[in-house]
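To be precise, the following lines are work.txt, and they hold compact mmCIF, C-alpha atoms and all ligand atoms.
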# COMPACT_ATOMS: atom_id res chain seq x y z
CA MET A 1 -36.55 -15.80 -4.43
CA PRO A 2 -34.39 -12.69 -3.83
CA PRO A 3 -31.96 -13.03 -0.91
CA ASP A 4 -32.94 -11.61 2.49
CA PRO A 5 -32.44 -7.78 2.48
CA ILE A 6 -30.16 -8.09 5.53
CA LEU A 7 -27.63 -9.78 3.22
CA SER A 8 -27.42 -6.91 0.74
CA ALA A 9 -27.48 -4.38 3.58
CA THR A 10 -24.51 -6.20 5.13
CA ALA A 11 -22.59 -6.24 1.83
CA ILE A 12 -23.08 -2.49 1.47
CA GLU A 13 -22.24 -1.81 5.11
CA ALA A 14 -19.03 -3.83 4.75
CA VAL A 15 -17.71 -2.09 1.63
CA LEU A 16 -18.60 1.37 2.96
CA ALA A 17 -16.74 0.59 6.20
CA ALA A 18 -13.82 -0.73 4.12
CA GLY A 19 -13.78 2.55 2.21
CA ARG A 20 -13.59 4.55 5.45
CA ILE A 21 -10.54 2.58 6.55
CA GLN A 22 -8.90 2.89 3.13
CA LEU A 23 -9.41 6.65 2.95
CA ALA A 24 -8.33 7.30 6.53
CA ARG A 25 -4.98 5.61 5.86
CA PHE A 26 -4.43 6.66 2.23
CA GLU A 27 -1.06 8.40 1.74
CA ARG A 28 -0.36 8.19 5.50
CA GLY A 29 2.89 6.20 5.52
CA ILE A 30 1.37 2.77 6.08
CA ARG A 31 3.35 -0.46 6.31
CA ILE A 32 3.81 -2.22 2.96
CA ASP A 33 5.14 -5.77 2.62
CA LYS A 34 5.77 -8.03 -0.36
CA LYS A 35 3.96 -11.32 -0.94
CA GLY A 36 5.98 -11.91 -4.11
CA ARG A 37 8.44 -10.06 -6.31
CA ILE A 38 5.87 -7.42 -7.35
CA ASP A 39 2.85 -8.46 -5.25
CA LEU A 40 2.30 -6.01 -2.38
CA VAL A 41 0.21 -6.21 0.76
CA THR A 42 -0.42 -3.25 3.04
CA GLU A 43 -1.63 -3.14 6.61
CA VAL A 44 -4.90 -1.76 5.19
CA ASP A 45 -5.55 -4.95 3.15
CA LEU A 46 -5.23 -6.91 6.40
CA GLU A 47 -7.24 -4.53 8.55
CA VAL A 48 -10.16 -4.38 6.12
CA GLU A 49 -10.25 -8.15 5.74
CA ARG A 50 -10.27 -8.65 9.52
CA MET A 51 -13.11 -6.15 9.85
CA VAL A 52 -15.29 -7.83 7.18
CA ARG A 53 -14.59 -11.33 8.51
CA ALA A 54 -15.64 -10.17 12.00
CA LEU A 55 -18.83 -8.55 10.66
CA VAL A 56 -19.86 -11.72 8.78
CA ALA A 57 -18.97 -13.99 11.74
CA GLU A 58 -21.00 -11.86 14.12
CA ARG A 59 -24.06 -11.56 11.89
CA PHE A 60 -24.03 -14.92 10.08
CA PRO A 61 -21.99 -17.45 12.10
CA GLY A 62 -22.66 -20.30 9.62
CA HIS A 63 -21.40 -18.44 6.54
CA ARG A 64 -17.95 -18.90 5.00
CA VAL A 65 -15.62 -16.13 3.83
CA LEU A 66 -13.29 -16.58 0.87
CA ALA A 67 -10.90 -13.63 0.87
CA GLU A 68 -7.45 -12.75 -0.36
CA GLU A 69 -5.28 -12.32 2.70
CA PHE A 70 -6.28 -14.94 5.30
CA ARG A 71 -7.18 -17.99 3.31
CA ALA A 72 -8.16 -21.26 4.97
CA SER A 73 -8.45 -24.88 3.93
CA GLY A 74 -11.85 -25.66 2.46
CA ASP A 75 -11.89 -22.32 0.62
CA ASP A 76 -12.85 -24.07 -2.61
CA THR A 77 -16.06 -25.53 -1.26
CA ARG A 78 -19.01 -24.22 -3.23
CA GLY A 79 -22.02 -25.13 -1.08
CA GLY A 80 -23.92 -22.92 1.36
CA TYR A 81 -23.34 -19.21 1.89
CA CYS A 82 -19.91 -17.92 0.89
CA TRP A 83 -18.85 -14.26 1.01
CA ILE A 84 -16.11 -13.53 -1.52
CA LEU A 85 -14.02 -10.53 -0.55
CA ASP A 86 -11.12 -8.52 -1.87
CA PRO A 87 -10.43 -6.10 1.00
CA LEU A 88 -8.41 -3.78 -1.24
CA ASP A 89 -8.44 -4.21 -5.00
CA GLY A 90 -5.79 -2.01 -6.53
CA THR A 91 -3.19 -2.47 -3.80
CA THR A 92 -0.29 -1.39 -6.01
CA ASN A 93 -2.11 1.85 -6.87
CA TYR A 94 -2.95 2.38 -3.20
CA ALA A 95 0.63 1.80 -2.07
CA HIS A 96 1.84 4.39 -4.59
CA GLY A 97 -0.77 7.00 -3.63
CA LEU A 98 -2.70 6.56 -6.88
CA SER A 99 -6.41 7.01 -6.22
CA CYS A 100 -7.83 4.05 -8.15
CA PHE A 101 -8.78 1.29 -5.72
CA CYS A 102 -11.85 -0.21 -4.04
CA SER A 103 -13.13 -3.04 -1.94
CA THR A 104 -15.31 -5.71 -3.48
CA LEU A 105 -17.66 -8.21 -1.84
CA ALA A 106 -19.97 -10.82 -3.35
CA LEU A 107 -22.26 -13.41 -1.86
CA GLU A 108 -22.44 -16.86 -3.41
CA ILE A 109 -25.28 -19.14 -2.34
CA ASP A 110 -24.90 -22.81 -3.24
CA GLY A 111 -22.35 -21.94 -5.92
CA ARG A 112 -24.36 -19.13 -7.56
CA LEU A 113 -23.45 -15.44 -7.25
CA GLU A 114 -26.45 -13.61 -5.82
CA LEU A 115 -25.14 -10.23 -4.63
CA GLY A 116 -22.25 -7.93 -5.40
CA ALA A 117 -21.02 -4.62 -3.97
CA VAL A 118 -17.95 -2.63 -5.02
CA TYR A 119 -17.05 0.68 -3.38
CA ASP A 120 -14.59 3.31 -4.56
CA PRO A 121 -14.24 5.66 -1.58
CA VAL A 122 -12.30 8.34 -3.46
CA ARG A 123 -15.08 8.95 -5.98
CA ARG A 124 -17.76 7.83 -3.50
CA GLU A 125 -19.08 5.38 -6.07
CA LEU A 126 -21.00 2.38 -4.79
CA PHE A 127 -21.75 -0.24 -7.45
CA THR A 128 -24.27 -2.91 -6.44
CA ALA A 129 -26.21 -5.75 -7.99
CA GLU A 130 -28.62 -8.44 -6.91
CA ARG A 131 -29.40 -11.33 -9.22
CA GLY A 132 -32.49 -10.51 -11.26
CA GLN A 133 -32.81 -7.02 -9.76
CA GLY A 134 -30.46 -5.03 -11.98
CA ALA A 135 -27.25 -3.15 -11.19
CA ARG A 136 -26.94 0.27 -9.61
CA LEU A 137 -24.43 3.05 -9.09
CA ASN A 138 -25.25 5.02 -5.95
CA GLY A 139 -28.81 3.74 -6.28
CA GLN A 140 -29.25 4.71 -9.95
CA PRO A 141 -29.78 1.94 -12.54
CA LEU A 142 -26.70 1.03 -14.60
CA ARG A 143 -26.59 0.02 -18.23
CA VAL A 144 -23.72 -1.20 -20.39
CA SER A 145 -22.73 0.75 -23.53
CA ARG A 146 -24.22 0.23 -26.98
CA VAL A 147 -20.88 0.19 -28.83
CA GLU A 148 -21.04 -2.40 -31.62
CA THR A 149 -17.51 -2.78 -32.96
CA LEU A 150 -14.01 -2.91 -31.56
CA ILE A 151 -12.80 0.09 -33.52
CA ASP A 152 -15.28 2.23 -31.54
CA ALA A 153 -14.55 0.52 -28.23
CA MET A 154 -12.59 1.51 -25.13
CA LEU A 155 -11.20 -1.70 -23.63
CA VAL A 156 -9.48 -2.35 -20.33
CA THR A 157 -7.32 -5.15 -19.02
CA GLY A 158 -4.85 -6.03 -16.29
CA PHE A 159 -1.73 -8.10 -15.78
CA PRO A 160 -1.26 -10.80 -13.15
CA TYR A 161 1.63 -10.79 -10.67
CA ASP A 162 3.44 -13.50 -12.65
CA VAL A 163 3.49 -11.18 -15.68
CA HIS A 164 7.26 -11.61 -16.05
CA GLU A 165 6.84 -15.33 -16.73
CA THR A 166 4.18 -15.00 -19.43
CA LEU A 167 5.09 -11.67 -20.96
CA ASP A 168 4.89 -12.78 -24.60
CA ASP A 169 1.35 -14.09 -24.24
CA LEU A 170 0.06 -11.10 -22.25
CA VAL A 171 1.72 -8.46 -24.41
CA GLY A 172 0.76 -10.35 -27.57
CA LEU A 173 -2.91 -10.30 -26.66
CA PHE A 174 -2.70 -6.69 -25.48
CA SER A 175 -1.18 -5.79 -28.83
CA ALA A 176 -3.88 -7.72 -30.74
CA PHE A 177 -6.58 -5.60 -29.04
CA LEU A 178 -4.57 -2.39 -29.35
CA GLU A 179 -4.43 -2.99 -33.08
CA ARG A 180 -8.21 -3.36 -33.36
CA ALA A 181 -9.78 -1.15 -30.67
CA GLN A 182 -10.18 2.60 -30.30
CA ALA A 183 -8.24 2.48 -27.01
CA VAL A 184 -6.99 0.02 -24.40
CA ARG A 185 -6.44 1.01 -20.74
CA ARG A 186 -4.85 -0.64 -17.71
CA LEU A 187 -6.23 0.93 -14.51
CA GLY A 188 -4.96 -1.49 -11.82
CA SER A 189 -8.22 -2.62 -10.21
CA ALA A 190 -10.03 -5.51 -11.86
CA ALA A 191 -13.18 -4.92 -9.80
CA LEU A 192 -13.41 -1.30 -10.95
CA ASP A 193 -12.61 -2.34 -14.53
CA LEU A 194 -15.66 -4.61 -14.45
CA CYS A 195 -17.87 -1.94 -12.86
CA TYR A 196 -16.79 0.54 -15.52
CA VAL A 197 -17.93 -1.91 -18.21
CA ALA A 198 -21.24 -2.19 -16.36
CA ALA A 199 -21.50 1.61 -16.27
CA GLY A 200 -20.80 1.96 -20.00
CA ARG A 201 -17.53 3.86 -19.40
CA MET A 202 -15.60 0.94 -20.84
CA ASP A 203 -16.92 -1.52 -23.40
CA GLY A 204 -14.95 -4.68 -22.64
CA PHE A 205 -12.51 -6.15 -20.11
CA TRP A 206 -10.37 -9.28 -20.27
CA GLU A 207 -7.79 -10.67 -17.88
CA LYS A 208 -6.07 -13.98 -17.22
CA ARG A 209 -5.04 -15.53 -13.90
CA LEU A 210 -7.39 -13.59 -11.67
CA LYS A 211 -8.77 -14.85 -8.37
CA PRO A 212 -12.45 -15.27 -7.39
CA TRP A 213 -12.35 -12.15 -5.19
CA ASP A 214 -11.15 -9.99 -8.10
CA VAL A 215 -14.14 -10.80 -10.30
CA ALA A 216 -17.11 -12.22 -8.35
CA ALA A 217 -18.96 -8.98 -7.56
CA GLY A 218 -18.02 -7.17 -10.79
CA ALA A 219 -19.14 -10.06 -13.00
CA LEU A 220 -22.63 -10.05 -11.49
CA ILE A 221 -22.75 -6.25 -11.77
CA ILE A 222 -21.97 -6.49 -15.52
CA GLU A 223 -24.60 -9.19 -16.09
CA GLU A 224 -27.20 -7.24 -14.20
CA ALA A 225 -26.32 -4.10 -16.21
CA GLY A 226 -27.21 -6.03 -19.39
CA GLY A 227 -23.69 -7.15 -20.34
CA ARG A 228 -22.14 -10.57 -20.76
CA VAL A 229 -19.39 -12.42 -18.91
CA SER A 230 -17.60 -15.64 -19.80
CA GLY A 231 -14.14 -17.15 -19.64
CA VAL A 232 -11.63 -15.87 -22.22
CA ASP A 233 -12.32 -19.17 -24.00
CA GLY A 234 -16.06 -18.40 -24.19
CA ALA A 235 -16.97 -20.96 -21.49
CA CYS A 236 -19.68 -20.15 -18.95
CA PHE A 237 -18.35 -17.70 -16.38
CA ASP A 238 -16.90 -19.31 -13.26
CA CYS A 239 -15.29 -16.97 -10.76
CA ARG A 240 -12.82 -19.74 -9.81
CA ALA A 241 -11.71 -20.41 -13.40
CA GLY A 242 -9.06 -17.67 -13.25
CA HIS A 243 -9.91 -15.81 -16.43
CA ILE A 244 -12.70 -13.53 -17.59
CA LEU A 245 -14.08 -11.65 -20.54
CA GLY A 246 -16.72 -9.09 -19.54
CA THR A 247 -18.33 -6.95 -22.21
CA ASN A 248 -21.38 -4.92 -23.14
CA GLY A 249 -22.59 -8.11 -24.89
CA ARG A 250 -22.44 -6.63 -28.41
CA LEU A 251 -18.63 -6.91 -28.51
CA HIS A 252 -18.40 -10.34 -26.92
CA GLU A 253 -18.09 -12.50 -30.03
CA GLU A 254 -15.64 -10.11 -31.69
CA MET A 255 -13.43 -10.12 -28.59
CA LEU A 256 -13.59 -13.92 -28.32
CA ALA A 257 -12.52 -14.15 -31.97
CA VAL A 258 -9.48 -11.92 -31.32
CA ILE A 259 -8.49 -14.09 -28.34
CA ALA A 260 -8.96 -17.30 -30.35
CA LEU A 261 -6.82 -15.93 -33.18
CA HIS A 262 -4.14 -14.90 -30.73
CA ASN A 263 -4.17 -18.39 -29.17
CA LEU A 264 -3.83 -19.98 -32.62
CA SER A 265 -0.84 -17.80 -33.39
CA ARG A 266 0.86 -19.08 -30.20
CA SER A 267 0.06 -22.75 -30.47
CA PRO A 268 -3.23 -24.46 -31.23
CA MET A 269 -5.65 -25.32 -28.39
CA ARG A 270 -4.14 -23.10 -25.68
CA THR A 271 -6.43 -21.02 -23.43
CA ASP A 272 -4.04 -20.26 -20.54
C1 LIG A 301 -5.00 -6.90 -8.72
C2 LIG A 301 -5.76 -5.83 -9.48
C3 LIG A 301 -5.16 -5.65 -10.86
C4 LIG A 301 -5.12 -6.94 -11.63
C5 LIG A 301 -4.36 -8.00 -10.84
C6 LIG A 301 -5.03 -8.19 -9.48
P1 LIG A 301 -4.93 -6.56 -6.05
O1 LIG A 301 -5.60 -7.11 -7.44
O2 LIG A 301 -7.12 -6.17 -9.61
O3 LIG A 301 -5.92 -4.74 -11.64
O4 LIG A 301 -4.48 -6.72 -12.86
O5 LIG A 301 -4.40 -9.20 -11.58
O6 LIG A 301 -4.36 -9.18 -8.75
O7 LIG A 301 -3.68 -7.33 -5.84
O8 LIG A 301 -4.72 -5.11 -6.20
O9 LIG A 301 -5.99 -6.93 -5.06
CA CA A 302 -7.61 -7.98 -6.40
CA CA A 303 -6.47 -7.27 -2.97

Would you mind writing the file's structure down as structure tokens?
Ligand code: IPD
Ligand code: CA
Ligand code: CA
Amino acid sequence: MPPDPILSATAIEAVLAAGRIQLARFERGIRIDKKGRIDLVTEVDLEVERMVRALVAERFPGHRVLAEEFRASGDDTRGGYCWILDPLDGTTNYAHGLSCFCSTLALEIDGRLELGAVYDPVRRELFTAERGQGARLNGQPLRVSRVETLIDAMLVTGFPYDVHETLDDLVGLFSAFLERAQAVRRLGSAALDLCYVAAGRMDGFWEKRLKPWDVAAGALIIEEAGGRVSGVDGACFDCRAGHILGTNGRLHEEMLAVIALHNLSRSPMRTD
């Protein structure tokens, strides 16, 4: 049974409101702090998360929120209704005045992703999906590309904030795809990367050491646009597994084979 329409309306309302906050403060000298050596957090990340948490608490007092900035114990629980939020995906871009960022919100019910909404306020692009109902961009149906081989494919990836510690692996895999694909991009927002695969602008996306809020909504949007998502090891997609391969479906096996070959060249049996 499709989820109650109030749930999808709330997801859309939340990301549109997030976009208004993001745009109003973009390039306006906001406060930027560091959570790690290269991991930034702005006052906008915090403000958006507070706003969405308040909206969910007011409308659905029994629901949980799993989000990036104010995490709580019990966040890993999978039962019941859980909203998975990244209040600002693309924080480094945002902090530098680069207009590639979004907010992303998914709803998981009893461990299964049912809804996703991603909003890019600069381009006014709202990507949405409901399980079994297809994916949309500003209300229009979305479809993945029909590209069949890597040499015709535009790929996209990202690097985690501990990139300095695992440089050889990340650059090695990047190089393996660069060698085989038409092009490889790094845009700085995993949620938009996934939506661009769903929209057929990109043909495949992989990334390691992501968090549930980076991928939950975008993964459902790809699936509902006719694409395929899994772990980088080919396992069933799990937004808490920390890694993802999202493709138009046709490229999936070829991309998995490149990853497997890369892993073999490092040391057998590694998927991290
Ligand atoms: C980051 C972005 C980036 C990806 C990083 C994420 P944030 O999220 O999605 O594209 O490469 O791994 O952590 O910090 O901007 O929300
Ligand atoms: Ca993120
Ligand atoms: Ca974020």

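Nearest to A:Arg250 of all the residues A:Leu40, A:Val65, A:Val229, A:Ile109 is A:Val229, counting only C-alpha atoms.
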
Compute the distance from (-17.7, -5.8, -16.8) to each atom, counting only C-alpha atoms, keep the residues with any atom at most 12 Å away, and return them as a ChimeraX atom specification; use the coordinates of the file. /A:127,135,142-145,155-157,189-207,214-230,237,244-249,251-252

Counting all atoms listed in the file, name the residues that have an atom within 10 Å of an atom of ligand CA 302 (chain A); the answer should be given as a list in words. Ala67, Glu68, Leu85, Asp86, Pro87, Leu88, Asp89, Gly90, Thr91, Thr92, Phe101, Cys102, Ser103, Thr104, Pro160, Gly188, Ser189, Ala190, Ala191, Leu192, Leu210, Lys211, Pro212, Trp213, Asp214 and Val215 of chain A

Measuring between only C-alpha atoms and all ligand atoms, which one of A:Leu137, A:Ile259, A:Ile38, A:Leu23 shows the shortest distance to ligand LIG 301 (chain A)? A:Ile38

What's the 7 Å shell around A:Leu66, counting only C-alpha atoms, without same-chain residues fewer than 5 positions away, as JSON, numbers by chain? {"A": [71, 75, 82, 83, 84, 85]}

Mind giving me the straight-line distance from atom CA of A:Met154 to atom CA of A:Ala181 in Å, one decimal?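 Separation between atom CA of A:Met154 and atom CA of A:Ala181: 6.8 Å.
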
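Distance-wise, atom CA of A:Glu69 and atom C6 of ligand LIG 301 (chain A) end up 12.9 Å apart.
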
Rank A:Glu43, A:Glu13, A:Glu165, A:Asp4 by their smallest atom-to-atom distance to ligand CA 303 (chain A), using all atoms listed in the file, and report the top residue only.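 Of A:Glu43, A:Glu13, A:Glu165, A:Asp4, the one nearest ligand CA 303 (chain A), counting all atoms listed in the file, is A:Glu43.
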
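Counting only C-alpha atoms and all ligand atoms and comparing A:Leu16, A:Val171, A:Ala95, A:Val56, the residue that lies closest to ligand CA 303 (chain A) is A:Ala95.
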
Rounded to one decimal place, report the atom CA of A:Glu125-atom CA of A:Gly139 distance in Å. 9.9 Å

Residues at most 12 Å from A:His63, counting only C-alpha atoms, excluding those fewer than 4 positions away in the same chain, as JSON, numbers by chain? {"A": [7, 53, 54, 55, 56, 57, 58, 59, 75, 77, 78, 79, 80, 81, 82, 83, 84, 107, 108, 109, 110]}

Emit the selected residues as a compact mmCIF listing (two decimals), in the frame of the given file, including C-alpha atoms.
# COMPACT_ATOMS: atom_id res chain seq x y z
CA LEU A 7 -27.63 -9.78 3.22
CA ARG A 53 -14.59 -11.33 8.51
CA ALA A 54 -15.64 -10.17 12.00
CA LEU A 55 -18.83 -8.55 10.66
CA VAL A 56 -19.86 -11.72 8.78
CA ALA A 57 -18.97 -13.99 11.74
CA GLU A 58 -21.00 -11.86 14.12
CA ARG A 59 -24.06 -11.56 11.89
CA ASP A 75 -11.89 -22.32 0.62
CA THR A 77 -16.06 -25.53 -1.26
CA ARG A 78 -19.01 -24.22 -3.23
CA GLY A 79 -22.02 -25.13 -1.08
CA GLY A 80 -23.92 -22.92 1.36
CA TYR A 81 -23.34 -19.21 1.89
CA CYS A 82 -19.91 -17.92 0.89
CA TRP A 83 -18.85 -14.26 1.01
CA ILE A 84 -16.11 -13.53 -1.52
CA LEU A 107 -22.26 -13.41 -1.86
CA GLU A 108 -22.44 -16.86 -3.41
CA ILE A 109 -25.28 -19.14 -2.34
CA ASP A 110 -24.90 -22.81 -3.24

Nearest-residue call for ligand CA 303 (chain A), choices A:Leu98, A:Tyr161, A:Ala14, A:Ala153, using only C-alpha atoms and all ligand atoms: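 Smallest separation from ligand CA 303 (chain A) among the options: A:Tyr161.
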
Measuring between all atoms listed in the file, which one of A:Val41, A:Val122, A:Ala11, A:Ala18 shows the shortest distance to ligand CA 303 (chain A)? A:Val41

Can you tell me, as JSON, the centre and edge lengths (Å, one decimal) of the axis-aligned box enclosing all of stretch 126-134 of chain A's listed atoms after padding each side by 3 Å?
{"center_x": -26.9, "center_y": -4.5, "center_z": -8.4, "size_x": 17.8, "size_y": 19.7, "size_z": 13.2}

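Here the residues that fall within 12 Å of (-9.9, 6.5, 3.5), using only C-alpha atoms, are given as Val15, Leu16, Ala17, Ala18, Gly19, Arg20, Ile21, Gln22, Leu23, Ala24, Arg25, Phe26, Glu27, Arg28, Val44, Val48, Leu88, Tyr94, Gly97, Ser99, Phe101, Cys102, Ser103, Tyr119, Asp120, Pro121, Val122, Arg123 and Arg124 of chain A.
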
Can you pull stretch 230-242 of chain A out of that block with N, CA, C and O atoms and hand it back as a CSV table (one decimal), in the first residue's frame?
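After the write, result_11.csv holds the following:
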chain,number,residue,atom,x,y,z
A,230,SER,N,23.3,-0.9,-5.6
A,230,SER,CA,23.8,-2.0,-4.8
A,230,SER,C,25.0,-1.5,-4.0
A,230,SER,O,25.3,-0.3,-4.1
A,231,GLY,N,25.7,-2.3,-3.2
A,231,GLY,CA,26.9,-1.9,-2.6
A,231,GLY,C,28.0,-2.0,-3.7
A,231,GLY,O,27.8,-2.5,-4.8
A,232,VAL,N,29.2,-1.5,-3.4
A,232,VAL,CA,30.3,-1.5,-4.4
A,232,VAL,C,30.7,-3.0,-4.6
A,232,VAL,O,31.4,-3.3,-5.5
A,233,ASP,N,30.3,-3.9,-3.6
A,233,ASP,CA,30.7,-5.3,-3.7
A,233,ASP,C,29.5,-6.1,-4.4
A,233,ASP,O,29.6,-7.3,-4.5
A,234,GLY,N,28.5,-5.4,-4.9
A,234,GLY,CA,27.4,-6.1,-5.6
A,234,GLY,C,26.3,-6.5,-4.6
A,234,GLY,O,25.3,-7.1,-5.0
A,235,ALA,N,26.5,-6.4,-3.3
A,235,ALA,CA,25.5,-6.8,-2.3
A,235,ALA,C,24.2,-5.9,-2.4
A,235,ALA,O,24.3,-4.8,-2.9
A,236,CYS,N,23.1,-6.5,-1.9
A,236,CYS,CA,21.9,-5.7,-1.9
A,236,CYS,C,22.1,-4.3,-1.3
A,236,CYS,O,22.8,-4.2,-0.3
A,237,PHE,N,21.5,-3.3,-1.8
A,237,PHE,CA,21.7,-2.0,-1.3
A,237,PHE,C,21.2,-1.9,0.1
A,237,PHE,O,20.1,-2.3,0.4
A,238,ASP,N,22.1,-1.2,1.0
A,238,ASP,CA,21.7,-1.0,2.4
A,238,ASP,C,22.2,0.4,2.6
A,238,ASP,O,23.4,0.6,2.6
A,239,CYS,N,21.3,1.4,3.0
A,239,CYS,CA,21.8,2.7,3.1
A,239,CYS,C,22.8,2.9,4.3
A,239,CYS,O,23.5,3.9,4.4
A,240,ARG,N,22.8,1.9,5.2
A,240,ARG,CA,23.7,2.0,6.3
A,240,ARG,C,25.1,1.2,6.1
A,240,ARG,O,25.9,1.2,6.9
A,241,ALA,N,25.2,0.7,4.9
A,241,ALA,CA,26.4,-0.1,4.6
A,241,ALA,C,27.6,0.7,4.4
A,241,ALA,O,28.8,0.3,4.5
A,242,GLY,N,27.4,2.0,3.9
A,242,GLY,CA,28.5,2.9,3.8
A,242,GLY,C,29.1,3.0,2.4
A,242,GLY,O,30.0,3.8,2.1
